[in-house]
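Heads up: the structure comes next, in structure tokens.
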Amino acid sequence: MITRLVLLLSVLLVTLTIAIGQSSWTPPHTADGQPDLQGTWTSATLTPFERPAEFKDKAFLTKEEAADWAAKHARSDAPPAEGDPGTYNAIWFDSGTSVVKTMRTSLVIDPPDGKVPLTREAEARRNFNLAHNADSWEYMSLWDRCITRGVPGGMFPAGYNNAYQIIQTPGYVTIVAEMIHDARIIPVDGRPHAPSSVRFWNGDSVGHWEGNTLVVDTTNFNGKGWAATSASAGRVRGVPQSVDAHVVERFTREDANIITYRVTIEDPIYFAKPWTVSLPMTSDPTYRIFEYACHEGNQAVPNVLSAGRVHDRDAASK
Amino acid sequence: MKIVKAGIATVIVAAAIPLLMYTPAPSQTPGSAMPRMADGKPDINGIWQAFNEANWDIEAHSAGPSPVLVDGAIGATPPGMGIVEGGTIPYKDSALAQKKENYKNRISLDPEVKCYMPGVPRATYMPQPFQILQTTKDIMIAYQYAGAVRQIPLTNPGPAPSDSWMGTSVGRWEGNTLVVDVTDQNDRTWFDRAGNYHSDALHVVERYTPMDAGHILYEATIEDPNVFTRPWKISMPLYRRVEKNARLMEFKCVEFVEELMYGNLRKQTAR
């Protein structure tokens, strides 16, 4: 009973906060009356994707804990361990300098424990992909292959080039991600999804407005993608995305500088229940998006594969 | 977007009071005038496509066989009258020799074979649609082929940080014409499948002039003193894709070239 009351109270409190939040700031509108989300936004953050074990059942950090986490996890250069070829040095990375403003211990906000509810199938398929990475591109990350980071994977912080430009034209909201130059052209004219025979790496997105929130519904995935591609996604990196995946994203402009991005992912083969990520996209009018020619300069795929073949030869000669 | 069937009356009203309100769904009917933005500039938002044979060869050319035997008639070159003003590209002698060499080796050298970004102007006449996204401040062009994107700011953001595949574009309106200055392209793209090429000194000035609501006249001046004896021009109409269900689809062609590019490095498992 007490638990229920507490739950009810917290729901009320959240509702109240949302109501206050919405009334305190009125977003600008485009000429044709849509809430204006346009501009250049970045999603760099030091907040971990899933809640780290050390935080146990703690959903929010204190100021001190947040500062401590930021100090410990800010990127810095360190010589790679012996035998490790190393990776980009700090100048390439843009992982932000602080945790999210909400002080949440993870970007995953539901389930309440901050952990993505992976099924056994998800873990098995992920483990297979990661273990066979050097066998063929088919098991590699689609990001490494320079195809796409996916939907919603492409909205999760990448670690670098985390910038997005939103442009609104009559009937469309377009989100261009700098990473792999992905342009998502989202119709907001009430059209239905594409026929189910048509499949896309990034799915078929259709949007509509709910008050000041852009809601984007995505289906029609081709079943060849991954739920997440960035290392920061931890246990979720390498989990496939099935043809039945259903993604609902909500973009809410909170104030002049922040869009809250919230996404709920359903894919029953790989997730025991739907899960939700929330992260802030911060305005950065000084950011100049540049061409990210990924495939055109992709040395990762041939290098990983040729290293794999050398490894095979060594193993065979032993 | 509210779907408004704008008849002639609406167009007249919109033209009479262009600053009063934005017309969200202007008539896109070929034959009527190109709609206008709130600031009076032509509204060229939409899905467009060139319908010609320039991607095979921008110069006038006869039909030709497929360079790959097994493709038969599917891979054959459709004949075209060309898009080059005056008919011939003014190559320097040494550059013309290079072009011929490119043509001979086109199956391994054409960047399109590897799904590389097409550069400008080739992106315009790839046989796939592109979408112009226009506001009063920014213009973006998203191409279906390889998912290439160009940002065309209407205020110059300053010099390009480096060369790139699609170059650096800055737009401006000259009357009804959108003029786009394209610089800083690298030397890895071609003009077509026939080996017509350029160096990294390429400078392209594109002109998009509305003809009516369904057509844009596309012109581009091409300058590259390393390869050509003088600047030269291409031009063609662009057609609005007016199908009710027209949309930019996904052509992420990387997937289609991985076997070709990396197949020899894949683990050969015993079967």
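Lettering and numbering for the structure tokens are positional, with chains as A, B, ... in the shown order, residues counted from 1 in each chain, and ligands counted from 1 in the shown order.
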
- Which chain A residues are at most 7 Å from chain B (counting only C-alpha atoms), as a ChimeraX atom specification? /A:31-32,135-136,147,169-171,181-183,188-189,200,291,296,302,305-306,309

- Message: I'd like the neighbourhood of B:Val182 as a PyMOL selection string, where a residue qualifies if any of its atoms comes within 7 Å (using only C-alpha atoms), though same-chain residues fewer than 6 positions away should be ignored.
- Response: chain B and resi 167-170+203-205

- Which residues come within 10 Å of A:Val198, counting only C-alpha atoms, excluding same-chain residues fewer than 2 positions away, as a PyMOL selection string? (chain A and resi 193-196+200+203-204+220-222) or (chain B and resi 249)

Would you export the selected residues with C-alpha atoms as a PDB file, in the first residue's frame, please?
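Below you can see part12.pdb, which holds the result:
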```pdb
ATOM      1  CA  HIS A 193       4.322   3.541 -43.340  1.00  0.00           C
ATOM      2  CA  ALA A 194       5.753   2.104 -46.540  1.00  0.00           C
ATOM      3  CA  PRO A 195       4.379  -1.299 -47.590  1.00  0.00           C
ATOM      4  CA  SER A 196       5.872  -4.048 -45.456  1.00  0.00           C
ATOM      5  CA  PHE A 200      15.355  -0.187 -44.867  1.00  0.00           C
ATOM      6  CA  GLY A 203      13.567   1.621 -41.081  1.00  0.00           C
ATOM      7  CA  ASP A 204      10.701   3.739 -42.349  1.00  0.00           C
ATOM      8  CA  ASN A 220      10.103  -1.723 -41.757  1.00  0.00           C
ATOM      9  CA  PHE A 221      13.660  -2.507 -40.658  1.00  0.00           C
ATOM     10  CA  ASN A 222      15.606  -4.869 -42.904  1.00  0.00           C
TER      11      ASN A 222
ATOM     12  CA  MET B 249      14.473   5.717 -50.690  1.00  0.00           C
TER      13      MET B 249
END
```

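Of note, atom CA of B:Asn226 and atom CA of B:Asn102 are spaced 16.4 Å apart.
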
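Here the residues within stretch 133-166 of chain A that DSSP labels helix (DSSP H, G or I) on the basis of the backbone are Trp137, Glu138, Tyr139, Gly153, Gly154 and Met155 of chain A.
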
- Task: For A:Tyr160, list every protein, DNA or RNA residue within 6 Å, evaluated using only C-alpha atoms, and leave out those in the same chain fewer than 2 positions away; present the list as a PyMOL selection string.
- Result: chain A and resi 93-94+158+162

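DSSP secondary structure from the backbone places B:Phe130, B:Gln131, B:Ile132, B:Leu133, B:Gln134, B:Asp138, B:Ile139, B:Met140, B:Ile141, B:Ala142, B:Tyr143, B:Tyr145, B:Val149, B:Arg150, B:Gln151, B:Ile152, B:Pro153, B:Ser164, B:Thr168, B:Ser169, B:Val170 of stretch 97-170 of chain B in strand (DSSP E or B).
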
- Looking at only C-alpha atoms, which of B:Gly31, B:Gly40, B:Gly214, B:Gly64 is the one that sits closest to B:Ala194? B:Gly64

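In terms of minimum interatomic distance to B:Gln28, B:Ile44 ranks closest within B:Ile44, B:Met126, B:Met81, B:Ala220, counting only C-alpha atoms.
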
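If only C-alpha atoms are the atoms counted, then among B:Asn55, B:Thr29, B:Asn105, B:Thr155 the closest residue to B:Pro118 is B:Asn55.
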
- Task: Write out as an MDAnalysis selection string each polymer residue whose atoms come within 9 Å of A:Phe251, counting only C-alpha atoms; drop sequence neighbours fewer than 2 positions from it.
- Result: chainID A and resid 37 212:216 249 253 259:263

- For atom CA of A:Thr47 and atom CA of A:Gly96, quote the distance in Å rounded to one decimal.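 That distance, rounded to one decimal, is 9.2 Å.
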
- Which neighbours of A:Pro240 fall inside 8 Å, counting only C-alpha atoms, when residues of the same chain fewer than 3 positions from it are skipped, and could you give them as an MDAnalysis selection string? chainID A and resid 122 125:126 223:227 270

Could the residues in this selection be written to a file with C-alpha atoms, as a compact mmCIF listing (two decimals), in the first residue's frame?
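New file again-v2.txt:
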```
# COMPACT_ATOMS: atom_id res chain seq x y z
CA ALA A 122 20.28 -11.28 -27.93
CA ARG A 125 23.81 -13.41 -31.29
CA ARG A 126 25.85 -10.50 -29.96
CA GLY A 223 16.73 -7.08 -40.03
CA LYS A 224 20.41 -6.70 -40.88
CA GLY A 225 21.16 -3.86 -38.48
CA TRP A 226 22.36 -3.66 -34.92
CA ALA A 227 20.50 -2.17 -31.94
CA TYR A 270 16.04 -9.53 -28.43
```

- Message: Please compute the atom CA of A:Pro27-atom CA of A:Gly39 distance, one decimal, in Å.
- Response: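 Separation of atom CA of A:Pro27 and atom CA of A:Gly39: 13.1 Å.
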
- Task: Write out as a ChimeraX atom specification which residues come within 12 Å of stretch 229-234 of chain B when counting only C-alpha atoms, dropping same-chain ones fewer than 6 positions away.
- Result: /B:54,58-60,82-96,120-122,124-125,191,202-207,217-223
